[in-house]
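Accompanying notes for the structure given below.
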Amino acid sequence: MQLNHGRFMDNGGVGYVLKPSILLSEEKFGVVNGTVPRSTNSMKILKISIISGFQIPKPKDSTKGEIIDPFIKVEVYGVPSDQAEYKTKVIENNGFNPRWYETCSFKLRVPELALVRFTVKDEDRGKDDFIGYYCLPVSSIQEGFRHFPLYDKNGDLYSQSLIFTHITLTSA
């Protein structure tokens, strides 16, 4: 559901999203399933610098007095050759204003179909607690410094919880 939510962020969350032209043309469709090589001038490099977070909430089932240890997982979904992920370091005992200053880059063969999902989790012994996410299509990403709001696991917006990033999207 998070990926569907992200796909429809492109049009403001309402209505119909048209298929990209790469899925409408039979000669271009081979690029998607890997039978036809893609020209390198249509490939993109997505570079994401994760700078900080702001007012990251505790998980709903946390105990009183617990301070979270947040980290961010950046995942790219799309054709199999584009799928990748990156995990930041854990910031100990700081959910109010964690600072990562980490950079990751992804080579996208078919950027028209790629989605980027930011997942914020709280590191715990055993299973990490899910806090929030933000997902959007690569085609709607604007370059530069960006704040991304967080949504909980039900798709409801957290008030004032943000991830601060810097994004560049260049040709490969």
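By order of appearance in the structure tokens: chains A, B, ..., then residues from 1 within every chain, and ligands from 1 in the order shown.
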I'd like the contact shell of range 72-80 of chain A - 7 Å cut-off, only C-alpha atoms, skipping same-chain residues fewer than 6 positions apart - returned as an mmCIF file with all heavy atoms, in the first residue's frame.
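Output contents, as saved in result05.cif:
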```cif
data_model
loop_
_atom_site.group_PDB
_atom_site.id
_atom_site.type_symbol
_atom_site.label_atom_id
_atom_site.label_comp_id
_atom_site.auth_asym_id
_atom_site.auth_seq_id
_atom_site.Cartn_x
_atom_site.Cartn_y
_atom_site.Cartn_z
ATOM 1 N N VAL A 32 12.118 -2.747 -20.387
ATOM 2 C CA VAL A 32 11.576 -3.042 -19.059
ATOM 3 C C VAL A 32 11.862 -4.479 -18.656
ATOM 4 O O VAL A 32 12.306 -4.757 -17.547
ATOM 5 C CB VAL A 32 10.061 -2.749 -19.011
ATOM 6 C CG1 VAL A 32 9.473 -3.176 -17.694
ATOM 7 C CG2 VAL A 32 9.805 -1.278 -19.263
ATOM 8 N N TYR A 86 19.587 1.368 0.775
ATOM 9 C CA TYR A 86 20.671 1.946 1.567
ATOM 10 C C TYR A 86 20.145 2.199 2.970
ATOM 11 O O TYR A 86 19.018 2.658 3.140
ATOM 12 C CB TYR A 86 21.152 3.258 0.939
ATOM 13 C CG TYR A 86 22.212 3.963 1.750
ATOM 14 C CD1 TYR A 86 23.532 3.582 1.660
ATOM 15 C CD2 TYR A 86 21.869 4.987 2.623
ATOM 16 C CE1 TYR A 86 24.518 4.216 2.419
ATOM 17 C CE2 TYR A 86 22.839 5.619 3.386
ATOM 18 C CZ TYR A 86 24.159 5.234 3.272
ATOM 19 O OH TYR A 86 25.115 5.852 4.029
ATOM 20 N N LYS A 87 20.975 1.900 3.965
ATOM 21 C CA LYS A 87 20.581 2.105 5.358
ATOM 22 C C LYS A 87 21.576 3.057 6.016
ATOM 23 O O LYS A 87 22.783 2.868 5.923
ATOM 24 C CB LYS A 87 20.562 0.766 6.101
ATOM 25 C CG LYS A 87 20.177 0.875 7.552
ATOM 26 C CD LYS A 87 20.273 -0.482 8.241
ATOM 27 C CE LYS A 87 20.181 -0.299 9.724
ATOM 28 N NZ LYS A 87 20.457 -1.507 10.461
ATOM 29 N N THR A 88 21.050 4.085 6.695
ATOM 30 C CA THR A 88 21.915 5.035 7.390
ATOM 31 C C THR A 88 22.384 4.431 8.709
ATOM 32 O O THR A 88 21.871 3.399 9.156
ATOM 33 C CB THR A 88 21.179 6.354 7.696
ATOM 34 O OG1 THR A 88 20.113 6.083 8.611
ATOM 35 C CG2 THR A 88 20.647 6.995 6.437
ATOM 36 N N VAL A 110 15.663 2.396 -15.748
ATOM 37 C CA VAL A 110 14.336 2.808 -16.228
ATOM 38 C C VAL A 110 13.737 3.737 -15.171
ATOM 39 O O VAL A 110 12.893 3.327 -14.372
ATOM 40 C CB VAL A 110 13.421 1.588 -16.487
ATOM 41 C CG1 VAL A 110 12.101 2.027 -17.110
ATOM 42 C CG2 VAL A 110 14.108 0.552 -17.357
ATOM 43 N N LEU A 113 9.795 4.222 -14.236
ATOM 44 C CA LEU A 113 9.020 3.276 -13.445
ATOM 45 C C LEU A 113 9.487 3.183 -11.994
ATOM 46 O O LEU A 113 8.898 2.467 -11.198
ATOM 47 C CB LEU A 113 9.102 1.870 -14.067
ATOM 48 C CG LEU A 113 8.555 1.735 -15.480
ATOM 49 C CD1 LEU A 113 8.740 0.307 -15.973
ATOM 50 C CD2 LEU A 113 7.096 2.124 -15.527
ATOM 51 N N ALA A 114 10.544 3.901 -11.654
ATOM 52 C CA ALA A 114 11.142 3.767 -10.323
ATOM 53 C C ALA A 114 10.407 4.587 -9.265
ATOM 54 O O ALA A 114 9.932 5.687 -9.522
ATOM 55 C CB ALA A 114 12.605 4.187 -10.374
ATOM 56 N N LEU A 115 10.319 4.026 -8.072
ATOM 57 C CA LEU A 115 9.775 4.689 -6.885
ATOM 58 C C LEU A 115 10.858 4.693 -5.817
ATOM 59 O O LEU A 115 11.617 3.737 -5.694
ATOM 60 C CB LEU A 115 8.578 3.919 -6.325
ATOM 61 C CG LEU A 115 7.300 3.933 -7.134
ATOM 62 C CD1 LEU A 115 6.383 2.816 -6.671
ATOM 63 C CD2 LEU A 115 6.602 5.253 -6.969
ATOM 64 N N VAL A 116 10.915 5.769 -5.029
ATOM 65 C CA VAL A 116 11.845 5.856 -3.906
ATOM 66 C C VAL A 116 11.028 5.882 -2.630
ATOM 67 O O VAL A 116 10.077 6.655 -2.513
ATOM 68 C CB VAL A 116 12.723 7.126 -3.997
ATOM 69 C CG1 VAL A 116 13.635 7.223 -2.795
ATOM 70 C CG2 VAL A 116 13.519 7.139 -5.275
ATOM 71 N N ARG A 117 11.399 5.022 -1.683
ATOM 72 C CA ARG A 117 10.699 4.980 -0.401
ATOM 73 C C ARG A 117 11.706 5.212 0.726
ATOM 74 O O ARG A 117 12.723 4.540 0.811
ATOM 75 C CB ARG A 117 9.999 3.649 -0.184
ATOM 76 C CG ARG A 117 9.249 3.614 1.154
ATOM 77 C CD ARG A 117 8.432 2.371 1.329
ATOM 78 N NE ARG A 117 9.309 1.237 1.589
ATOM 79 C CZ ARG A 117 8.876 0.077 2.059
ATOM 80 N NH1 ARG A 117 7.598 -0.110 2.281
ATOM 81 N NH2 ARG A 117 9.714 -0.902 2.261
ATOM 82 N N PHE A 118 11.403 6.180 1.571
ATOM 83 C CA PHE A 118 12.175 6.450 2.779
ATOM 84 C C PHE A 118 11.408 5.818 3.935
ATOM 85 O O PHE A 118 10.232 6.136 4.129
ATOM 86 C CB PHE A 118 12.297 7.956 3.035
ATOM 87 C CG PHE A 118 12.996 8.708 1.949
ATOM 88 C CD1 PHE A 118 12.279 9.255 0.893
ATOM 89 C CD2 PHE A 118 14.362 8.885 1.970
ATOM 90 C CE1 PHE A 118 12.914 9.964 -0.108
ATOM 91 C CE2 PHE A 118 15.007 9.587 0.981
ATOM 92 C CZ PHE A 118 14.283 10.131 -0.063
ATOM 93 N N THR A 119 12.043 4.948 4.691
ATOM 94 C CA THR A 119 11.421 4.320 5.845
ATOM 95 C C THR A 119 12.223 4.681 7.081
ATOM 96 O O THR A 119 13.440 4.478 7.112
ATOM 97 C CB THR A 119 11.385 2.789 5.690
ATOM 98 O OG1 THR A 119 10.777 2.468 4.454
ATOM 99 C CG2 THR A 119 10.600 2.152 6.813
ATOM 100 N N VAL A 120 11.567 5.223 8.089
ATOM 101 C CA VAL A 120 12.219 5.557 9.352
ATOM 102 C C VAL A 120 11.863 4.476 10.360
ATOM 103 O O VAL A 120 10.691 4.143 10.527
ATOM 104 C CB VAL A 120 11.777 6.937 9.874
ATOM 105 C CG1 VAL A 120 12.475 7.261 11.181
ATOM 106 C CG2 VAL A 120 12.060 8.012 8.843
ATOM 107 N N LYS A 121 12.901 3.921 10.996
ATOM 108 C CA LYS A 121 12.693 2.865 11.981
ATOM 109 C C LYS A 121 13.453 3.181 13.253
ATOM 110 O O LYS A 121 14.393 3.967 13.255
ATOM 111 C CB LYS A 121 13.146 1.518 11.418
ATOM 112 C CG LYS A 121 12.294 1.028 10.269
ATOM 113 C CD LYS A 121 12.667 -0.359 9.865
ATOM 114 C CE LYS A 121 11.702 -0.877 8.802
ATOM 115 N NZ LYS A 121 11.954 -2.288 8.519
#
```
Give one line per residue of range 99-168 of chain A that approaches range 7-17 of chain A to at most 8 Å, naming the two atoms of the closest pair and their distance in Å to one decimal, counting only C-alpha atoms; sort by chain then ascending residue number and deliver it as JSON lines.
```
{"residue": "A:Leu115", "atom": "CA", "partner": "A:Arg7", "partner_atom": "CA", "distance": 7.2}
{"residue": "A:Cys135", "atom": "CA", "partner": "A:Arg7", "partner_atom": "CA", "distance": 7.7}
{"residue": "A:Leu136", "atom": "CA", "partner": "A:Arg7", "partner_atom": "CA", "distance": 6.0}
{"residue": "A:Pro137", "atom": "CA", "partner": "A:Arg7", "partner_atom": "CA", "distance": 5.8}
{"residue": "A:Ser140", "atom": "CA", "partner": "A:Asp10", "partner_atom": "CA", "distance": 5.9}
```
Taking 3 positions as the minimum chain separation for residues in the same chain, which residues sit within 6 Å of Asp122 in chain A when counting only C-alpha atoms? Answer as an MDAnalysis selection string. chainID A and resid 68:70 128:129
DSSP-assigned helix (DSSP H, G or I) among range 3-156 of chain A, expressed as a VMD selection string: chain A and resid 3 to 11 21 to 24 26 to 33 40 to 42 111 to 113 138 to 140
Might you pull out every residue within 7 Å of Asn97 in chain A, with only C-alpha atoms counted and same-chain residues fewer than 3 positions away left off, and present them as a list of chain:residue names?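 Selected residues are A:Ser52, A:Gly53, A:Phe54, A:Gln55, A:Asn94.
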Test item: residues at most 10 Å from Glu102 in chain A, only C-alpha atoms, excluding those fewer than 3 positions along its chain, as a ChimeraX atom specification: /A:48-52,87-89,99,165
